[in-house]
>>> print(open('run.pdb').read())   # PDB, C-alpha atoms and all ligand atoms
ATOM      1  CA  MET A 738      32.786   6.783 -10.662
ATOM      2  CA  LEU A 739      29.830   6.468 -13.035
ATOM      3  CA  VAL A 740      26.418   5.871 -11.557
ATOM      4  CA  ARG A 741      23.189   5.122 -13.299
ATOM      5  CA  VAL A 742      20.192   6.706 -11.622
ATOM      6  CA  ALA A 743      16.439   6.453 -12.234
ATOM      7  CA  ALA A 744      14.331   9.428 -11.124
ATOM      8  CA  GLY A 745      10.595  10.078 -11.230
ATOM      9  CA  ILE A 746       8.810  13.256 -12.216
ATOM     10  CA  VAL A 747       5.656  12.426 -10.292
ATOM     11  CA  LEU A 748       2.735  14.446 -11.620
ATOM     12  CA  ARG A 749      -0.780  15.080 -10.347
ATOM     13  CA  GLU A 750      -3.144  17.789 -11.539
ATOM     14  CA  GLY A 751      -0.478  20.205 -12.740
ATOM     15  CA  GLN A 752       1.716  19.662  -9.715
ATOM     16  CA  VAL A 753       4.969  17.797  -9.345
ATOM     17  CA  PHE A 754       6.350  16.052  -6.272
ATOM     18  CA  ILE A 755       9.850  17.146  -5.246
ATOM     19  CA  ALA A 756      12.117  16.272  -2.342
ATOM     20  CA  LEU A 757      14.934  18.103  -0.620
ATOM     21  CA  ARG A 758      18.252  16.249  -0.640
ATOM     22  CA  LYS A 759      19.672  16.067   2.847
ATOM     23  CA  ARG A 760      22.824  17.916   3.826
ATOM     24  CA  GLY A 761      25.667  15.422   3.672
ATOM     25  CA  GLN A 762      24.224  13.684   0.607
ATOM     26  CA  HIS A 763      25.769  14.349  -2.800
ATOM     27  CA  GLN A 764      24.210  17.647  -3.988
ATOM     28  CA  GLY A 765      22.686  18.042  -0.527
ATOM     29  CA  GLY A 766      20.462  21.034   0.166
ATOM     30  CA  LEU A 767      19.121  20.989  -3.377
ATOM     31  CA  TRP A 768      15.705  19.773  -4.552
ATOM     32  CA  GLU A 769      15.398  16.579  -6.575
ATOM     33  CA  PHE A 770      12.990  14.326  -8.362
ATOM     34  CA  PRO A 771      12.934  11.255  -6.124
ATOM     35  CA  GLY A 772      14.849   8.204  -7.253
ATOM     36  CA  GLY A 773      18.168   6.516  -6.859
ATOM     37  CA  LYS A 774      20.861   4.260  -8.152
ATOM     38  CA  CYS A 775      20.090   1.260 -10.318
ATOM     39  CA  GLU A 776      21.328  -1.924  -8.708
ATOM     40  CA  SER A 777      23.042  -4.540 -10.834
ATOM     41  CA  ASN A 778      20.565  -6.791 -12.638
ATOM     42  CA  GLU A 779      17.889  -4.150 -12.266
ATOM     43  CA  THR A 780      16.389  -2.244 -15.186
ATOM     44  CA  PRO A 781      15.995   1.528 -14.740
ATOM     45  CA  LEU A 782      12.235   1.050 -14.569
ATOM     46  CA  GLN A 783      12.592  -1.520 -11.798
ATOM     47  CA  ALA A 784      14.942   0.824  -9.952
ATOM     48  CA  LEU A 785      12.410   3.653 -10.324
ATOM     49  CA  SER A 786       9.587   1.553  -8.858
ATOM     50  CA  ARG A 787      11.729   0.352  -5.968
ATOM     51  CA  GLU A 788      13.085   3.808  -5.145
ATOM     52  CA  LEU A 789       9.714   5.561  -5.298
ATOM     53  CA  LEU A 790       8.265   2.969  -2.937
ATOM     54  CA  GLU A 791      11.234   3.236  -0.548
ATOM     55  CA  GLU A 792      11.569   7.013  -0.595
ATOM     56  CA  CYS A 793       7.989   8.198  -1.147
ATOM     57  CA  GLY A 794       5.726   5.247  -0.386
ATOM     58  CA  ILE A 795       4.017   5.194  -3.763
ATOM     59  CA  LYS A 796       3.518   2.294  -6.104
ATOM     60  CA  VAL A 797       4.196   3.253  -9.727
ATOM     61  CA  GLN A 798       1.435   2.129 -12.070
ATOM     62  CA  HIS A 799       2.521   3.915 -15.214
ATOM     63  CA  ALA A 800       5.833   5.562 -16.082
ATOM     64  CA  GLU A 801       7.066   7.003 -19.355
ATOM     65  CA  HIS A 802      10.640   7.774 -20.271
ATOM     66  CA  PHE A 803      11.087  11.550 -20.357
ATOM     67  CA  GLN A 804      14.764  12.265 -20.942
ATOM     68  CA  THR A 805      18.175  10.812 -20.114
ATOM     69  CA  VAL A 806      20.862  13.216 -18.965
ATOM     70  CA  ALA A 807      24.560  12.482 -18.578
ATOM     71  CA  HIS A 808      26.395  14.850 -16.270
ATOM     72  CA  ASP A 809      29.893  15.119 -14.845
ATOM     73  CA  TYR A 810      30.000  16.654 -11.369
ATOM     74  CA  GLY A 811      33.743  16.233 -11.223
ATOM     75  CA  ASP A 812      33.595  14.042  -8.131
ATOM     76  CA  LYS A 813      30.909  11.867  -9.690
ATOM     77  CA  GLN A 814      29.586  11.062 -13.166
ATOM     78  CA  VAL A 815      25.897  10.360 -13.392
ATOM     79  CA  GLU A 816      23.536   9.073 -16.019
ATOM     80  CA  LEU A 817      20.072  10.141 -14.942
ATOM     81  CA  ILE A 818      17.127   8.423 -16.535
ATOM     82  CA  PHE A 819      14.055  10.552 -15.911
ATOM     83  CA  TYR A 820      10.532   9.182 -16.147
ATOM     84  CA  THR A 821       7.216  10.923 -15.829
ATOM     85  CA  VAL A 822       4.913   9.102 -13.442
ATOM     86  CA  SER A 823       1.296  10.069 -13.885
ATOM     87  CA  ARG A 824      -0.379   7.044 -12.334
ATOM     88  CA  PHE A 825       0.527   5.652  -8.948
ATOM     89  CA  LEU A 826      -1.057   4.179  -5.844
ATOM     90  CA  GLY A 827      -0.749   5.695  -2.382
ATOM     91  CA  GLU A 828      -0.044   9.148  -1.028
ATOM     92  CA  ALA A 829       3.451  10.475  -1.688
ATOM     93  CA  THR A 830       5.346  11.356   1.491
ATOM     94  CA  GLY A 831       8.952  11.682   2.627
ATOM     95  CA  LYS A 832       9.484   8.142   3.873
ATOM     96  CA  GLU A 833      13.088   8.802   4.792
ATOM     97  CA  GLY A 834      12.408  11.990   6.744
ATOM     98  CA  GLN A 835      13.265  14.215   3.797
ATOM     99  CA  GLU A 836      11.341  17.440   3.235
ATOM    100  CA  VAL A 837       8.910  17.011   0.346
ATOM    101  CA  ARG A 838       6.499  19.256  -1.494
ATOM    102  CA  TRP A 839       3.896  19.199  -4.220
ATOM    103  CA  VAL A 840       4.565  22.290  -6.327
ATOM    104  CA  ALA A 841       2.987  23.722  -9.444
ATOM    105  CA  VAL A 842       5.063  22.788 -12.486
ATOM    106  CA  SER A 843       5.038  26.496 -13.390
ATOM    107  CA  GLU A 844       6.782  27.283 -10.082
ATOM    108  CA  LEU A 845       9.712  24.897 -10.531
ATOM    109  CA  ALA A 846      12.045  27.789 -11.351
ATOM    110  CA  ASP A 847      11.703  28.911  -7.713
ATOM    111  CA  TYR A 848      13.533  25.791  -6.496
ATOM    112  CA  ASP A 849      17.243  25.037  -6.694
ATOM    113  CA  PHE A 850      18.036  21.712  -8.368
ATOM    114  CA  PRO A 851      21.370  20.017  -9.132
ATOM    115  CA  GLU A 852      23.075  21.088 -12.344
ATOM    116  CA  ALA A 853      22.061  17.914 -14.196
ATOM    117  CA  ASN A 854      18.395  18.788 -13.653
ATOM    118  CA  GLN A 855      18.476  22.183 -15.343
ATOM    119  CA  ILE A 856      17.569  20.827 -18.767
ATOM    120  CA  ILE A 857      14.705  18.829 -17.247
ATOM    121  CA  VAL A 858      13.276  21.791 -15.342
ATOM    122  CA  LYS A 859      13.493  23.869 -18.515
ATOM    123  CA  ALA A 860      11.644  21.229 -20.520
ATOM    124  CA  LEU A 861       8.913  20.950 -17.897
ATOM    125  CA  LEU A 862       8.493  24.732 -17.725
ATOM    126  CA  ALA A 863       8.200  24.864 -21.513
ATOM    127  CA  GLY A 864       5.338  22.416 -21.160
TER     128      GLY A 864
HETATM  129  N1  LIG B 901      17.350  10.970  -7.109
HETATM  130  C1  LIG B 901      17.904  11.949  -7.791
HETATM  131  N2  LIG B 901      19.258  12.006  -7.913
HETATM  132  C2  LIG B 901      19.753  13.027  -8.612
HETATM  133  C3  LIG B 901      18.934  14.005  -9.244
HETATM  134  N3  LIG B 901      19.740  14.895  -9.905
HETATM  135  C4  LIG B 901      21.021  14.510  -9.688
HETATM  136  O1  LIG B 901      22.014  15.064 -10.128
HETATM  137  N4  LIG B 901      21.043  13.360  -8.900
HETATM  138  C5  LIG B 901      22.247  12.652  -8.491
HETATM  139  O2  LIG B 901      22.092  11.253  -8.711
HETATM  140  C6  LIG B 901      22.882  10.520  -7.767
HETATM  141  C7  LIG B 901      22.187   9.317  -7.174
HETATM  142  O3  LIG B 901      21.001   9.631  -6.534
HETATM  143  P1  LIG B 901      20.627   9.189  -5.035
HETATM  144  O4  LIG B 901      21.550   9.820  -4.049
HETATM  145  O5  LIG B 901      19.174   9.503  -4.908
HETATM  146  O6  LIG B 901      20.836   7.625  -4.962
HETATM  147  P2  LIG B 901      20.182   6.622  -3.887
HETATM  148  O7  LIG B 901      18.764   7.007  -3.615
HETATM  149  O8  LIG B 901      20.475   5.255  -4.395
HETATM  150  O9  LIG B 901      20.954   7.006  -2.551
HETATM  151  P3  LIG B 901      21.975   6.321  -1.568
HETATM  152  O10 LIG B 901      23.322   6.551  -2.179
HETATM  153  O11 LIG B 901      21.790   7.119  -0.311
HETATM  154  O12 LIG B 901      21.586   4.889  -1.442
HETATM  155  C8  LIG B 901      23.360  11.509  -6.734
HETATM  156  O13 LIG B 901      24.716  11.772  -6.986
HETATM  157  C9  LIG B 901      22.546  12.770  -7.009
HETATM  158  O14 LIG B 901      23.284  13.926  -6.705
HETATM  159  C10 LIG B 901      17.529  13.932  -9.112
HETATM  160  O15 LIG B 901      16.742  14.728  -9.612
HETATM  161  N5  LIG B 901      17.068  12.879  -8.372
HETATM  162 MG    MG B 902      17.633   8.698  -3.760
END
>>> encode(input="run.pdb", output="structure tokens")
Amino acid sequence: MLVRVAAGIVLREGQVFIALRKRGQHQGGLWEFPGGKCESNETPLQALSRELLEECGIKVQHAEHFQTVAHDYGDKQVELIFYTVSRFLGEATGKEGQEVRWVAVSELADYDFPEANQIIVKALLAG
């Protein structure tokens, strides 16, 4: 199973918005950059905007492609298209009851992310 996913690295004044994946979800119990699967006939950017509105209640005003990561979890193959989002409308919250946090980019190493995110976290920490 190969899934295409769009995820947002939402940034504000040196902090990044992260969410805790719920137990029972794939990679549950780990932190993520909010986002989700691209539906058919939807561009990754459209998927990003839809998912960030659904999951965090923010309206993306400006997103830039950051990095695309392909990863094989064994049970699932993912292509993750990461965007940085530095302009948005609204206050980011956990719209689906998920735990969320604004954390300093420099503190990202303190949070456990899925394997596919390691390269992204590294790149962000390197500035
Ligand atoms: N959103 C998101 N998904 C990630 C990240 N890293 C990562 O490996 N994934 C994987 O990407 C896949 C799809 O993400 P998702 O579960 O958010 O998809 P979705 O919002 O459409 O969820 P749904 O299946 O409940 O409708 C999952 O297998 C998840 O484990 C990340 O940083 N953010
Ligand atoms: Mg999601």
>>> resolve_selection(input="run.pdb", expression="the PyMOL selection byres (((chain A and resi 770-776) around 7) and not hetatm)", output="PyMOL selection string")
chain A and resi 740-746+755-756+769+777-779+781+784-785+788-789
>>> closest_residue(input="run.pdb", among="A:Thr805, A:Thr830, A:Ser843, A:Ser786", to="Ile857 (chain A)", atoms="all atoms listed in the file")
A:Thr805
>>> closest_residue(input="run.pdb", among="A:Tyr820, A:Trp768, A:Phe825, A:Trp839", to="ligand LIG 901 (chain B)", atoms="all atoms listed in the file")
A:Trp768
>>> atom_distance(input="run.pdb", atom1="atom N2 of ligand LIG 901 (chain B)", atom2="CA of Gly766 (chain A)")
12.2 Å
>>> residues_around(input="run.pdb", residues="Ile795 (chain A)", least_positions_apart="2", cutoff="8 Å", atoms="only C-alpha atoms", output="PyMOL selection string")
chain A and resi 789-790+793+797+825-829
>>> atom_distance(input="run.pdb", atom1="CA of Glu833 (chain A)", atom2="CA of Glu792 (chain A)")
5.9 Å
>>> residues_near_point(input="run.pdb", point="(9.7, 21.3, -11.0)", cutoff="8 Å", atoms="only C-alpha atoms", output="PyMOL selection string")
chain A and resi 753-755+840-846+848+858+861-862
>>> closest_residue(input="run.pdb", among="A:Ser823, A:Gln814, A:Gln804, A:Asn854", to="Met738 (chain A)", atoms="all atoms listed in the file")
A:Gln814
>>> closest_residue(input="run.pdb", among="A:Arg749, A:Lys796, A:His802, A:Lys813", to="ligand LIG 901 (chain B)", atoms="all atoms listed in the file")
A:Lys813
>>> closest_residue(input="run.pdb", among="A:Tyr810, A:Gln835, A:Glu852, A:Glu801", to="ligand MG 902 (chain B)", atoms="only C-alpha atoms and all ligand atoms")
A:Gln835
>>> build_atoms(input="run.pdb", residues="region 784-815 of chain A", atoms="N, CA and C atoms", output="short mmCIF file (atom, residue, chain, number, x, y, z; two decimals), in the coordinates of the input")
data_model
loop_
_atom_site.label_atom_id
_atom_site.label_comp_id
_atom_site.auth_asym_id
_atom_site.auth_seq_id
_atom_site.Cartn_x
_atom_site.Cartn_y
_atom_site.Cartn_z
N ALA A 784 14.30 -0.03 -10.96
CA ALA A 784 14.94 0.82 -9.95
C ALA A 784 14.00 1.97 -9.58
N LEU A 785 13.35 2.56 -10.56
CA LEU A 785 12.41 3.65 -10.32
C LEU A 785 11.30 3.20 -9.38
N SER A 786 10.69 2.06 -9.68
CA SER A 786 9.59 1.55 -8.86
C SER A 786 10.05 1.28 -7.44
N ARG A 787 11.20 0.66 -7.30
CA ARG A 787 11.73 0.35 -5.97
C ARG A 787 12.02 1.63 -5.19
N GLU A 788 12.70 2.56 -5.83
CA GLU A 788 13.08 3.81 -5.14
C GLU A 788 11.88 4.65 -4.76
N LEU A 789 10.88 4.73 -5.63
CA LEU A 789 9.71 5.56 -5.30
C LEU A 789 8.91 4.95 -4.16
N LEU A 790 8.93 3.63 -4.06
CA LEU A 790 8.26 2.97 -2.94
C LEU A 790 9.06 3.22 -1.65
N GLU A 791 10.38 3.05 -1.73
CA GLU A 791 11.23 3.24 -0.55
C GLU A 791 11.25 4.68 -0.06
N GLU A 792 11.37 5.61 -0.99
CA GLU A 792 11.57 7.01 -0.60
C GLU A 792 10.27 7.79 -0.41
N CYS A 793 9.22 7.41 -1.17
CA CYS A 793 7.99 8.20 -1.15
C CYS A 793 6.74 7.38 -0.82
N GLY A 794 6.87 6.09 -0.74
CA GLY A 794 5.73 5.25 -0.39
C GLY A 794 4.66 5.11 -1.46
N ILE A 795 5.02 5.37 -2.70
CA ILE A 795 4.02 5.19 -3.76
C ILE A 795 4.39 4.03 -4.67
N LYS A 796 3.33 3.41 -5.20
CA LYS A 796 3.52 2.29 -6.10
C LYS A 796 3.27 2.80 -7.53
N VAL A 797 4.30 2.75 -8.35
CA VAL A 797 4.20 3.25 -9.73
C VAL A 797 3.29 2.33 -10.55
N GLN A 798 2.30 2.93 -11.20
CA GLN A 798 1.44 2.13 -12.07
C GLN A 798 1.75 2.37 -13.54
N HIS A 799 2.20 3.59 -13.83
CA HIS A 799 2.52 3.92 -15.21
C HIS A 799 3.63 4.96 -15.25
N ALA A 800 4.72 4.62 -15.96
CA ALA A 800 5.83 5.56 -16.08
C ALA A 800 6.24 5.64 -17.55
N GLU A 801 6.59 6.82 -17.98
CA GLU A 801 7.07 7.00 -19.36
C GLU A 801 8.42 7.67 -19.35
N HIS A 802 9.32 7.16 -20.19
CA HIS A 802 10.64 7.77 -20.27
C HIS A 802 10.48 9.22 -20.72
N PHE A 803 11.18 10.13 -20.02
CA PHE A 803 11.09 11.55 -20.36
C PHE A 803 12.36 12.00 -21.06
N GLN A 804 13.48 11.86 -20.38
CA GLN A 804 14.76 12.26 -20.94
C GLN A 804 15.90 11.63 -20.13
N THR A 805 16.99 11.33 -20.81
CA THR A 805 18.18 10.81 -20.11
C THR A 805 19.26 11.87 -20.19
N VAL A 806 19.86 12.16 -19.05
CA VAL A 806 20.86 13.22 -18.96
C VAL A 806 22.16 12.65 -18.40
N ALA A 807 23.25 12.87 -19.10
CA ALA A 807 24.56 12.48 -18.58
C ALA A 807 25.21 13.75 -18.05
N HIS A 808 25.78 13.65 -16.85
CA HIS A 808 26.40 14.85 -16.27
C HIS A 808 27.63 14.48 -15.46
N ASP A 809 28.64 15.33 -15.58
CA ASP A 809 29.89 15.12 -14.84
C ASP A 809 30.00 16.17 -13.75
N TYR A 810 29.88 15.73 -12.50
CA TYR A 810 30.00 16.65 -11.37
C TYR A 810 31.45 16.83 -10.93
N GLY A 811 32.35 16.16 -11.63
CA GLY A 811 33.74 16.23 -11.22
C GLY A 811 34.07 15.11 -10.26
N ASP A 812 33.39 15.11 -9.12
CA ASP A 812 33.60 14.04 -8.13
C ASP A 812 32.78 12.80 -8.48
N LYS A 813 31.85 12.95 -9.40
CA LYS A 813 30.91 11.87 -9.69
C LYS A 813 30.30 12.07 -11.06
N GLN A 814 30.23 10.99 -11.87
CA GLN A 814 29.59 11.06 -13.17
C GLN A 814 28.25 10.33 -13.07
N VAL A 815 27.21 10.98 -13.50
CA VAL A 815 25.90 10.36 -13.39
C VAL A 815 25.21 10.26 -14.75
#
